[in-house]
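Enquirer: What follows is the file final18.txt, containing compact mmCIF, C-alpha atoms:
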# COMPACT_ATOMS: atom_id res chain seq x y z
CA MET A 2 -31.55 -4.68 -26.89
CA THR A 3 -33.88 -6.12 -29.53
CA SER A 4 -31.51 -8.40 -31.44
CA GLY A 5 -33.22 -11.66 -32.35
CA LEU A 6 -36.26 -11.23 -30.09
CA PRO A 7 -39.25 -13.09 -31.60
CA ILE A 8 -42.33 -11.01 -32.47
CA LEU A 9 -45.52 -12.53 -33.89
CA VAL A 10 -47.42 -10.37 -36.39
CA ILE A 11 -51.02 -11.50 -37.04
CA GLU A 12 -52.26 -9.68 -40.12
CA ASP A 13 -54.17 -10.86 -43.20
CA ASP A 14 -53.52 -7.74 -45.28
CA PRO A 15 -51.07 -8.92 -48.00
CA ILE A 16 -49.35 -5.51 -48.08
CA LEU A 17 -49.46 -4.33 -44.46
CA GLY A 18 -48.39 -7.63 -42.90
CA PRO A 19 -45.13 -8.06 -44.86
CA ALA A 20 -44.41 -4.33 -44.47
CA VAL A 21 -44.60 -4.52 -40.66
CA VAL A 22 -42.48 -7.66 -40.68
CA GLN A 23 -39.85 -5.97 -42.84
CA ARG A 24 -39.70 -2.92 -40.54
CA LEU A 25 -39.36 -5.13 -37.46
CA ARG A 26 -36.57 -7.08 -39.15
CA LEU A 27 -34.74 -3.82 -39.89
CA GLU A 28 -35.08 -2.89 -36.21
CA GLY A 29 -33.30 -6.13 -35.24
CA TYR A 30 -36.28 -8.29 -34.23
CA ALA A 31 -37.03 -11.81 -35.45
CA PRO A 32 -40.64 -11.37 -36.66
CA ARG A 33 -42.98 -14.12 -37.86
CA LEU A 34 -46.12 -13.49 -39.90
CA ALA A 35 -49.41 -15.35 -39.41
CA PRO A 36 -52.17 -14.54 -41.94
CA ASP A 37 -55.01 -15.92 -39.81
CA GLY A 38 -55.92 -17.07 -36.30
CA ALA A 39 -55.20 -20.76 -36.82
CA ALA A 40 -51.68 -20.04 -38.09
CA ALA A 41 -51.14 -17.63 -35.20
CA LEU A 42 -52.08 -20.21 -32.56
CA LYS A 43 -49.85 -22.81 -34.19
CA SER A 44 -46.95 -20.36 -34.22
CA LEU A 45 -47.58 -19.39 -30.58
CA ARG A 46 -47.45 -23.01 -29.46
CA ALA A 47 -44.27 -23.67 -31.44
CA GLU A 48 -42.39 -20.69 -30.01
CA ARG A 49 -43.61 -18.18 -27.44
CA PRO A 50 -42.90 -14.67 -28.74
CA VAL A 51 -41.83 -11.71 -26.64
CA ALA A 52 -44.82 -9.77 -28.00
CA VAL A 53 -47.71 -10.01 -30.47
CA ILE A 54 -49.00 -7.41 -32.92
CA SER A 55 -52.48 -8.48 -34.00
CA ASP A 56 -55.23 -7.24 -36.26
CA ILE A 57 -58.73 -7.53 -34.77
CA ARG A 58 -60.52 -8.79 -37.88
CA LEU A 59 -59.05 -12.01 -39.26
CA PRO A 60 -60.40 -14.42 -41.90
CA ASP A 61 -61.21 -17.29 -39.52
CA MET A 62 -61.62 -15.72 -36.08
CA SER A 63 -61.17 -12.41 -34.31
CA GLY A 64 -57.97 -11.15 -32.76
CA GLU A 65 -59.80 -11.33 -29.43
CA ASP A 66 -60.37 -15.06 -29.96
CA VAL A 67 -56.68 -15.60 -30.65
CA PHE A 68 -55.76 -13.59 -27.55
CA THR A 69 -57.99 -15.57 -25.19
CA ARG A 70 -57.02 -18.94 -26.67
CA ALA A 71 -53.36 -17.97 -26.43
CA ILE A 72 -53.78 -17.29 -22.70
CA ASP A 73 -54.96 -20.87 -22.25
CA ALA A 74 -52.21 -22.28 -24.47
CA VAL A 75 -49.08 -20.30 -23.55
CA GLY A 76 -50.09 -17.79 -20.89
CA LEU A 77 -50.45 -14.02 -21.21
CA VAL A 78 -48.24 -12.61 -23.99
CA PRO A 79 -47.87 -8.80 -24.33
CA THR A 80 -50.23 -8.00 -27.22
CA PHE A 81 -50.78 -4.85 -29.27
CA PHE A 82 -54.07 -4.77 -31.16
CA VAL A 83 -54.51 -2.74 -34.34
CA THR A 84 -57.76 -2.23 -36.23
CA ALA A 85 -59.37 0.00 -38.80
CA PHE A 86 -62.60 -0.07 -36.79
CA GLY A 87 -62.07 1.62 -33.43
CA ASP A 88 -64.36 0.46 -30.62
CA ILE A 89 -63.88 2.04 -27.20
CA SER A 90 -65.75 -0.69 -25.30
CA GLN A 91 -63.67 -3.35 -27.03
CA ALA A 92 -60.45 -1.49 -26.25
CA ILE A 93 -61.37 -1.29 -22.57
CA ARG A 94 -62.22 -4.99 -22.53
CA LEU A 95 -58.94 -5.99 -24.10
CA VAL A 96 -56.74 -3.82 -21.91
CA LYS A 97 -58.50 -4.99 -18.75
CA ALA A 98 -57.92 -8.58 -19.86
CA GLY A 99 -54.19 -7.92 -20.16
CA ALA A 100 -53.54 -6.48 -23.63
CA LYS A 101 -50.76 -3.89 -23.82
CA ASP A 102 -52.41 -1.43 -26.18
CA TYR A 103 -55.21 -0.90 -28.71
CA LEU A 104 -54.32 1.17 -31.78
CA THR A 105 -56.39 2.30 -34.77
CA LYS A 106 -55.18 2.19 -38.36
CA PRO A 107 -53.27 3.81 -39.93
CA VAL A 108 -50.85 2.93 -37.15
CA ASP A 109 -48.01 5.25 -36.23
CA ILE A 110 -45.26 2.66 -36.60
CA ASP A 111 -42.75 4.75 -34.61
CA THR A 112 -45.14 4.88 -31.64
CA LEU A 113 -45.71 1.15 -31.89
CA LEU A 114 -41.97 0.48 -32.02
CA LEU A 115 -41.44 2.63 -28.94
CA ARG A 116 -44.03 0.64 -26.98
CA LEU A 117 -42.53 -2.57 -28.30
CA ARG A 118 -39.06 -1.58 -27.11
CA GLU A 119 -40.49 -0.91 -23.65
CA VAL A 120 -41.90 -4.45 -23.55
CA CYS A 121 -38.57 -5.90 -24.69
CA GLU A 122 -36.74 -3.90 -22.04
CA GLU A 123 -39.05 -5.36 -19.41
CA THR A 124 -38.20 -8.81 -20.74
CA ARG A 125 -34.49 -8.04 -20.71
CA LEU A 126 -34.71 -7.04 -17.06
CA ASP A 127 -35.55 -10.65 -16.24
CA GLY A 128 -39.23 -10.01 -15.80
CA ALA A 129 -38.79 -7.41 -13.08
CA ASN A 130 -42.29 -6.12 -13.82
CA VAL A 131 -43.91 -9.58 -13.60
CA GLU A 132 -45.50 -10.90 -10.44
CA LEU A 133 -46.91 -14.29 -9.49
CA GLY A 134 -49.08 -12.68 -6.84
CA LYS A 135 -49.34 -10.01 -4.15
CA ALA A 136 -49.60 -12.36 -1.17
CA PRO A 137 -46.45 -12.86 0.97
CA ALA A 138 -46.69 -16.63 0.44
CA MET A 139 -46.44 -16.17 -3.33
CA LYS A 140 -43.67 -13.60 -3.02
CA GLY A 141 -41.54 -16.30 -1.38
CA VAL A 142 -42.22 -18.67 -4.30
CA GLU A 143 -41.50 -15.90 -6.78
CA ASN A 144 -38.15 -15.08 -5.16
CA ILE A 145 -37.00 -18.71 -5.36
CA LEU A 146 -38.04 -19.02 -9.01
CA ARG A 147 -36.25 -15.79 -9.89
CA ARG A 148 -33.05 -17.10 -8.32
CA VAL A 149 -33.10 -20.45 -10.11
CA ALA A 150 -34.42 -19.20 -13.48
CA PRO A 151 -30.95 -18.45 -14.94
CA LEU A 152 -29.60 -21.82 -13.74
CA ASP A 153 -30.08 -24.99 -15.79
CA LEU A 154 -31.30 -27.06 -12.85
CA PRO A 155 -34.28 -29.43 -12.65
CA VAL A 156 -37.14 -27.97 -10.62
CA LEU A 157 -39.95 -29.88 -8.89
CA LEU A 158 -43.14 -27.92 -8.22
CA LEU A 159 -45.38 -29.25 -5.46
CA GLY A 160 -48.87 -28.18 -4.47
CA GLU A 161 -52.53 -29.10 -4.49
CA SER A 162 -54.39 -29.54 -7.77
CA GLY A 163 -55.30 -26.23 -9.34
CA VAL A 164 -52.87 -24.00 -7.43
CA GLY A 165 -51.13 -22.84 -10.61
CA LYS A 166 -48.07 -25.05 -10.97
CA GLU A 167 -48.05 -24.60 -14.74
CA VAL A 168 -48.33 -20.83 -14.26
CA ALA A 169 -45.24 -21.02 -12.05
CA ALA A 170 -43.44 -23.11 -14.68
CA ARG A 171 -44.27 -20.54 -17.37
CA PHE A 172 -43.07 -17.78 -15.03
CA LEU A 173 -39.77 -19.63 -14.58
CA HIS A 174 -39.46 -20.12 -18.35
CA GLY A 175 -40.18 -16.44 -19.00
CA LEU A 176 -37.27 -15.41 -16.76
CA SER A 177 -34.83 -17.98 -18.12
CA PRO A 178 -32.21 -17.52 -20.86
CA VAL A 179 -34.42 -19.68 -23.14
CA ALA A 180 -37.55 -17.55 -22.75
CA ASP A 181 -37.77 -17.21 -26.54
CA LYS A 182 -37.61 -20.98 -27.00
CA PRO A 183 -40.59 -23.38 -26.90
CA PHE A 184 -42.53 -24.09 -23.72
CA VAL A 185 -44.10 -27.54 -24.02
CA ALA A 186 -46.44 -28.87 -21.33
CA VAL A 187 -47.96 -32.32 -20.83
CA ASN A 188 -50.07 -33.85 -18.07
CA CYS A 189 -48.63 -37.31 -17.49
CA ALA A 190 -51.90 -38.44 -15.86
CA ALA A 191 -53.76 -37.75 -19.11
CA ILE A 192 -51.49 -39.80 -21.38
CA PRO A 193 -52.80 -43.26 -22.32
CA LYS A 194 -50.19 -45.74 -21.10
CA GLU A 195 -49.87 -47.44 -24.49
CA LEU A 196 -49.13 -44.10 -26.18
CA ALA A 197 -46.92 -42.55 -23.52
CA GLU A 198 -43.53 -43.53 -24.96
CA SER A 199 -44.44 -42.43 -28.48
CA LEU A 200 -45.90 -39.13 -27.24
CA LEU A 201 -42.85 -38.28 -25.15
CA PHE A 202 -40.02 -39.55 -27.34
CA GLY A 203 -41.62 -39.77 -30.79
CA HIS A 204 -41.55 -42.67 -33.22
CA GLU A 205 -40.27 -43.58 -36.65
CA ARG A 206 -42.43 -44.62 -39.57
CA GLY A 207 -43.31 -48.31 -39.33
CA ALA A 208 -42.20 -48.55 -35.68
CA PHE A 209 -45.52 -50.24 -34.84
CA THR A 210 -48.88 -50.96 -36.39
CA GLY A 211 -50.49 -47.68 -37.36
CA ALA A 212 -47.23 -45.69 -37.42
CA VAL A 213 -47.69 -44.55 -41.02
CA ALA A 214 -45.43 -41.52 -40.62
CA ARG A 215 -42.64 -40.26 -38.41
CA ARG A 216 -43.83 -38.31 -35.37
CA GLU A 217 -41.92 -35.85 -33.23
CA GLY A 218 -42.15 -36.45 -29.50
CA LEU A 219 -42.52 -33.76 -26.86
CA PHE A 220 -38.81 -33.81 -26.07
CA GLU A 221 -38.04 -33.06 -29.70
CA GLN A 222 -40.71 -30.36 -29.82
CA ALA A 223 -39.27 -28.68 -26.74
CA GLN A 224 -35.86 -28.59 -28.43
CA ASP A 225 -33.67 -26.31 -26.29
CA GLY A 226 -36.66 -24.74 -24.51
CA LEU A 227 -38.54 -26.04 -21.47
CA LEU A 228 -40.53 -29.27 -21.11
CA PHE A 229 -43.07 -29.18 -18.27
CA LEU A 230 -44.10 -32.64 -17.02
CA ASP A 231 -47.17 -32.16 -14.84
CA GLU A 232 -48.31 -34.98 -12.51
CA ILE A 233 -44.93 -36.65 -12.93
CA GLY A 234 -45.93 -39.27 -10.34
CA GLU A 235 -48.31 -40.75 -12.93
CA LEU A 236 -45.56 -41.45 -15.45
CA PRO A 237 -45.59 -45.21 -16.22
CA LEU A 238 -42.91 -47.05 -14.26
CA ASP A 239 -41.32 -48.54 -17.38
CA LEU A 240 -40.72 -45.05 -18.82
CA GLN A 241 -39.11 -43.63 -15.71
CA PRO A 242 -35.61 -45.05 -16.49
CA LYS A 243 -35.85 -43.45 -19.94
CA LEU A 244 -36.68 -40.08 -18.42
CA LEU A 245 -33.78 -40.54 -16.00
CA ARG A 246 -31.48 -41.12 -18.97
CA VAL A 247 -32.64 -37.89 -20.63
CA ILE A 248 -31.86 -35.96 -17.45
CA GLN A 249 -28.47 -37.62 -16.88
CA GLU A 250 -27.19 -38.03 -20.44
CA GLY A 251 -29.25 -35.54 -22.42
CA THR A 252 -30.28 -38.21 -24.95
CA PHE A 253 -33.44 -40.15 -25.82
CA LEU A 254 -34.39 -42.85 -28.30
CA PRO A 255 -37.57 -42.48 -30.37
CA VAL A 256 -39.60 -45.68 -30.80
CA GLY A 257 -38.22 -47.65 -33.72
CA ALA A 258 -35.19 -45.37 -34.19
CA ARG A 259 -31.65 -46.69 -34.58
CA GLY A 260 -29.88 -43.66 -33.18
CA GLU A 261 -30.44 -41.44 -30.17
CA LYS A 262 -31.35 -37.78 -30.29
CA ARG A 263 -30.04 -34.96 -28.13
CA PHE A 264 -32.17 -32.96 -25.70
CA THR A 265 -30.58 -29.72 -24.55
CA GLY A 266 -33.63 -28.14 -22.96
CA ARG A 267 -34.76 -27.79 -19.37
CA ILE A 268 -37.10 -30.14 -17.52
CA VAL A 269 -39.53 -28.91 -14.87
CA CYS A 270 -41.79 -31.44 -13.13
CA ALA A 271 -44.83 -31.04 -10.91
CA THR A 272 -47.11 -33.17 -8.78
CA HIS A 273 -49.93 -32.73 -6.27
CA ALA A 274 -49.13 -36.09 -4.66
CA ASP A 275 -46.59 -36.97 -1.96
CA PRO A 276 -43.48 -38.24 -3.81
CA ALA A 277 -42.21 -40.07 -0.74
CA ALA A 278 -45.46 -42.05 -0.50
CA ALA A 279 -45.23 -42.95 -4.21
CA ILE A 280 -41.67 -44.19 -3.69
CA ARG A 281 -42.70 -46.32 -0.71
CA ALA A 282 -45.57 -47.79 -2.74
CA GLY A 283 -43.18 -48.72 -5.56
CA ARG A 284 -44.87 -46.42 -8.09
CA PHE A 285 -41.95 -44.03 -8.48
CA ARG A 286 -38.21 -44.57 -8.73
CA GLU A 287 -36.21 -43.05 -5.91
CA ASP A 288 -33.22 -42.28 -8.14
CA LEU A 289 -35.47 -40.37 -10.56
CA TYR A 290 -37.00 -38.42 -7.69
CA TYR A 291 -33.60 -37.19 -6.56
CA ARG A 292 -32.71 -36.13 -10.11
CA ILE A 293 -35.87 -34.08 -10.68
CA ASN A 294 -35.86 -32.65 -7.18
CA VAL A 295 -32.70 -30.55 -7.30
CA VAL A 296 -34.81 -27.48 -6.46
CA GLU A 297 -38.17 -28.09 -4.77
CA VAL A 298 -40.79 -25.33 -4.69
CA THR A 299 -44.20 -25.65 -3.02
CA ILE A 300 -47.00 -23.49 -4.44
CA PRO A 301 -49.36 -22.52 -1.58
CA PRO A 302 -53.12 -23.13 -1.93
CA LEU A 303 -55.33 -20.16 -2.71
CA ARG A 304 -56.77 -20.13 0.83
CA GLU A 305 -53.28 -19.22 2.09
CA ARG A 306 -52.92 -16.28 -0.29
CA ARG A 307 -56.27 -14.53 -0.08
CA GLU A 308 -54.76 -11.19 -1.02
CA ASP A 309 -54.56 -12.51 -4.59
CA ILE A 310 -58.24 -13.46 -4.87
CA PRO A 311 -59.66 -10.03 -5.92
CA LEU A 312 -56.99 -9.52 -8.57
CA LEU A 313 -57.40 -13.02 -10.01
CA ALA A 314 -61.19 -12.87 -9.90
CA ARG A 315 -61.33 -9.58 -11.81
CA ARG A 316 -58.80 -10.80 -14.36
CA PHE A 317 -60.67 -14.06 -15.00
CA LEU A 318 -63.96 -12.19 -15.22
CA ALA A 319 -62.58 -9.74 -17.79
CA GLN A 320 -61.10 -12.57 -19.86
CA ALA A 321 -64.34 -14.56 -19.72
CA ALA A 322 -66.49 -11.59 -20.77
CA MET A 323 -64.16 -10.96 -23.69
CA ARG A 324 -64.12 -14.63 -24.71
CA PHE A 325 -67.92 -14.88 -24.69
CA GLY A 326 -68.43 -11.50 -26.37
CA LEU A 327 -70.30 -10.12 -23.36
CA PRO A 328 -70.43 -6.63 -21.83
CA GLU A 329 -68.05 -5.89 -18.99
CA ARG A 330 -68.80 -7.84 -15.81
CA ARG A 331 -67.91 -6.70 -12.31
CA LEU A 332 -68.35 -8.06 -8.79
CA ASP A 333 -70.39 -6.31 -6.14
CA PRO A 334 -68.69 -5.83 -2.73
CA VAL A 335 -70.63 -8.64 -1.05
CA ALA A 336 -69.70 -11.12 -3.78
CA LEU A 337 -66.05 -10.10 -3.52
CA GLN A 338 -66.20 -10.57 0.24
CA ALA A 339 -67.72 -14.01 -0.25
CA LEU A 340 -64.93 -14.95 -2.64
CA GLU A 341 -62.31 -13.87 -0.12
CA GLY A 342 -63.98 -15.89 2.63
CA TYR A 343 -64.35 -19.12 0.68
CA ASP A 344 -61.85 -21.95 1.24
CA TRP A 345 -61.29 -22.76 -2.46
CA PRO A 346 -60.76 -26.54 -2.39
CA GLY A 347 -60.21 -26.39 -6.16
CA ASN A 348 -57.80 -23.45 -5.81
CA VAL A 349 -57.14 -21.06 -8.72
CA ARG A 350 -58.71 -23.46 -11.23
CA GLU A 351 -61.98 -23.39 -9.30
CA LEU A 352 -61.88 -19.59 -9.07
CA ARG A 353 -61.43 -19.32 -12.82
CA ASN A 354 -64.24 -21.78 -13.48
CA ARG A 355 -66.60 -19.89 -11.17
CA MET A 356 -65.81 -16.58 -12.84
CA GLU A 357 -66.38 -18.04 -16.30
CA ARG A 358 -69.69 -19.61 -15.26
CA ALA A 359 -70.84 -16.42 -13.57
CA ALA A 360 -69.93 -14.30 -16.59
CA ALA A 361 -71.74 -16.65 -18.96
CA LEU A 362 -74.94 -17.22 -16.98
CA SER A 363 -75.59 -13.92 -15.19
CA ASP A 364 -78.24 -11.60 -16.56
CA GLY A 365 -76.71 -8.33 -15.39
CA GLU A 366 -73.30 -6.71 -15.52
CA VAL A 367 -72.92 -6.64 -11.72
CA LEU A 368 -72.42 -10.10 -10.24
CA GLY A 369 -73.65 -10.94 -6.76
CA VAL A 370 -73.05 -13.82 -4.36
CA ALA A 371 -75.71 -15.96 -6.06
CA ASP A 372 -73.93 -15.64 -9.40
CA VAL A 373 -70.64 -16.84 -7.95
CA PHE A 374 -72.02 -19.44 -5.53
CA PRO A 375 -75.31 -20.58 -7.12
CA GLU A 376 -75.18 -23.90 -5.25
CA ASP A 377 -75.84 -22.01 -2.00
CA GLY A 378 -79.41 -21.32 -3.18
CA ILE A 379 -79.19 -17.67 -2.15
CA VAL A 380 -81.09 -16.32 -5.16
CA ARG A 381 -83.00 -18.29 -7.80
CA ASP A 382 -84.97 -17.31 -10.88
CA ALA A 383 -87.98 -18.81 -9.11
CA PRO A 384 -86.95 -18.63 -5.43
CA ALA A 385 -88.27 -21.18 -2.98
CA ALA A 386 -90.36 -19.92 -0.11
CA ASP A 387 -87.59 -20.64 2.39
CA ALA A 388 -84.72 -19.28 0.25
CA PRO A 389 -82.47 -16.88 2.20
CA GLY A 390 -82.86 -13.19 1.49
CA LEU A 391 -80.20 -10.55 0.92
CA ASP A 392 -79.50 -10.09 4.66
CA ASP A 393 -78.89 -13.81 5.05
CA ALA A 394 -76.63 -13.77 1.99
CA VAL A 395 -74.56 -11.00 3.55
CA ASP A 396 -74.38 -12.92 6.84
CA GLN A 397 -73.24 -16.10 5.07
CA ALA A 398 -70.49 -14.21 3.27
CA ALA A 399 -69.42 -12.42 6.47
CA ARG A 400 -69.35 -15.67 8.43
CA ARG A 401 -67.14 -17.35 5.83
CA ARG A 402 -64.78 -14.37 5.82
CA ILE A 403 -64.50 -14.29 9.62
CA GLU A 404 -63.88 -18.03 9.81
CA ALA A 405 -61.15 -17.69 7.22
CA ALA A 406 -59.52 -14.78 9.06
CA LEU A 407 -59.57 -16.69 12.34
CA ARG A 408 -57.90 -19.66 10.66
CA GLU A 409 -55.32 -17.41 9.06
CA ALA A 410 -54.62 -15.77 12.44
CA GLY A 411 -54.38 -19.11 14.24
CA GLY A 412 -57.33 -18.19 16.45
CA ASN A 413 -55.82 -14.88 17.57
CA LYS A 414 -58.77 -12.45 17.73
CA SER A 415 -56.66 -9.29 17.60
CA GLU A 416 -54.81 -10.48 14.52
CA ALA A 417 -58.08 -11.60 12.90
CA ALA A 418 -59.58 -8.16 13.55
CA ARG A 419 -56.54 -6.56 11.89
CA ILE A 420 -56.92 -8.84 8.84
CA LEU A 421 -60.63 -7.98 8.60
CA LYS A 422 -59.96 -4.25 9.16
CA VAL A 423 -62.52 -4.04 11.99
CA SER A 424 -62.25 -3.33 15.70
CA ARG A 425 -61.82 -6.17 18.16
CA THR A 426 -65.22 -5.30 19.68
CA THR A 427 -66.93 -5.59 16.29
CA LEU A 428 -65.28 -8.93 15.70
CA TRP A 429 -66.41 -10.25 19.10
CA LYS A 430 -70.00 -9.21 18.35
CA LYS A 431 -69.93 -11.03 15.01
CA ILE A 432 -68.39 -14.14 16.60
CA ARG A 433 -71.23 -14.26 19.14
CA GLN A 434 -73.83 -13.49 16.44
CA PHE A 435 -72.70 -16.42 14.29
CA GLY A 436 -72.01 -18.74 17.19
CA LEU A 437 -68.36 -19.22 16.26
CA SER A 438 -65.93 -20.77 18.67
What is this structure when it is put down as structure tokens?
Expert:
Amino acid sequence: MTSGLPILVIEDDPILGPAVVQRLRLEGYAPRLAPDGAAALKSLRAERPVAVISDIRLPDMSGEDVFTRAIDAVGLVPTFFVTAFGDISQAIRLVKAGAKDYLTKPVDIDTLLLRLREVCEETRLDGANVELGKAPAMKGVENILRRVAPLDLPVLLLGESGVGKEVAARFLHGLSPVADKPFVAVNCAAIPKELAESLLFGHERGAFTGAVARREGLFEQAQDGLLFLDEIGELPLDLQPKLLRVIQEGTFLPVGARGEKRFTGRIVCATHADPAAAIRAGRFREDLYYRINVVEVTIPPLRERREDIPLLARRFLAQAAMRFGLPERRLDPVALQALEGYDWPGNVRELRNRMERAAALSDGEVLGVADVFPEDGIVRDAPAADAPGLDDAVDQAARRRIEAALREAGGNKSEAARILKVSRTTLWKKIRQFGLS
């Protein structure tokens, strides 16, 4: 079923763009046309489409630029690229980074529509093809989110900074009945206290000094979609009763307004802090906590879902190479082993940052341990006399991986050997070699 599904067409050709939009409309879609990258990004933020059809060459930026910026803004959207200038290396880059297809002009519109219908069918099946991760810990989170997605219940996402709470919120939104409605996210810790009420609820013209025009708040922007309030524990105490009213009554009052406005969307909150401790300290209202915590989901740290590290690392690397206009980057086996053995205190955010830095600063297409962990001093442009060599680099990576496996296995050597895919004898030798207890 395609009726009413939003499709974003990014095309600057004054004939081709409207023609594609007209054909999509005849097929039952709800297409929107953006003539350049800036308009496309604005449209993406206003309403997340089911799919994007994008030209590569645009007046203000490339289709690749729009694609990578869209990932940061609204997550990965199924995207079909079309261009009159076929480039195999570019096509490979885009598909590896998550694009659905790369087509050359003149496009066979029937083939494109067939692929588009497949994407829409995947969406209709409640995201059956979408995964949050391969690790068992993430499968548990995914199962809970799938069960609550169709239900209009407040959800509280817990977990350390950088674990991907917004990714989980977008996953929930994508499976919900309002997946085609806006997804609006805000980090409450980043809002200046004096601007918080205006940013959330909006204000009328003349409501205060400097309010020269009416401004929509985030609740109004979210409409009947999903509003994601990250770091909810940092919301100013005087605004918490107003948020409680939105949840209970479905209404809010913009600053300076005489009448209330309705909010019919869904609220999902997140925090890395302990809500109970914030309540005891008087920083968070207990009644608000119970209203936002109807369904509580804890996102595990990356060190507890190591099976996802290779997939995430390769994806971030492909996206970074595409964003920076670089040749394809790949990780050598030792670097990948080092990534799997690292504890990731910054979680997925740190992994992404490391991949972007490595892609940008490495000289070659194959990245080693020193590219990913340059602070270890394993390899330098002008190496110090006492800098470790390749053998030491391998040992450091192996040691980290063994320590991680032992932690994951709770100290059980047989289980650790199974995780590492080595014999128990080999594991014992390595434990003695590295002096591990």
Enquirer: Nearest to Met139 (chain A): which of A:Lys166, A:Arg315, A:Arg206, A:Arg24 is it, counting only C-alpha atoms?
Expert: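 Ranked by minimum distance to Met139 (chain A), first place goes to A:Lys166.
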Enquirer: In Å to one decimal, how far is CA of Val179 (chain A) from CA of Gly251 (chain A)?
Expert: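 Taking CA of Gly251 (chain A) as the start and CA of Val179 (chain A) as the end point, the length is 16.7 Å.
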Enquirer: Between A:Ile403, A:Ala279, A:Val10, A:Ala20, which residue has the minimum interatomic distance to Gly64 (chain A), considering all atoms listed in the file?
Expert: A:Val10
Enquirer: Could you state the separation of CA of Thr265 (chain A) and CA of Leu173 (chain A) in Å, given to one decimal place?
Expert: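 Atom-to-atom, CA of Thr265 (chain A) to CA of Leu173 (chain A), that is 16.9 Å.
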Enquirer: Could you tell me how far CA of Leu313 (chain A) lies from CA of Leu104 (chain A), in Å and to one decimal?
Expert: 26.2 Å
Enquirer: For Gln320 (chain A), work out the shell of residues within 12 Å, counting only C-alpha atoms and skipping chain neighbours fewer than 5 positions away, then give it as a ChimeraX atom specification.
Expert: /A:65-66,68-73,77,91,93-100,313-315,325-331,353-354,356-357,360-361
Enquirer: Applying 12 Å and only C-alpha atoms, which residues near Glu409 (chain A) remain after dropping the ones on its own chain fewer than 2 positions away? List them as a list in words.
Expert: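 Final neighbour list, sorted by chain and number: Arg304, Glu305, Arg306, Arg307, Glu308, Gly342, Asp344, Arg402, Ile403, Glu404, Ala405, Ala406, Leu407, Gly411, Gly412, Asn413, Lys414, Ser415, Glu416, Ala417, Ala418, Arg419, Ile420 and Leu421 of chain A.
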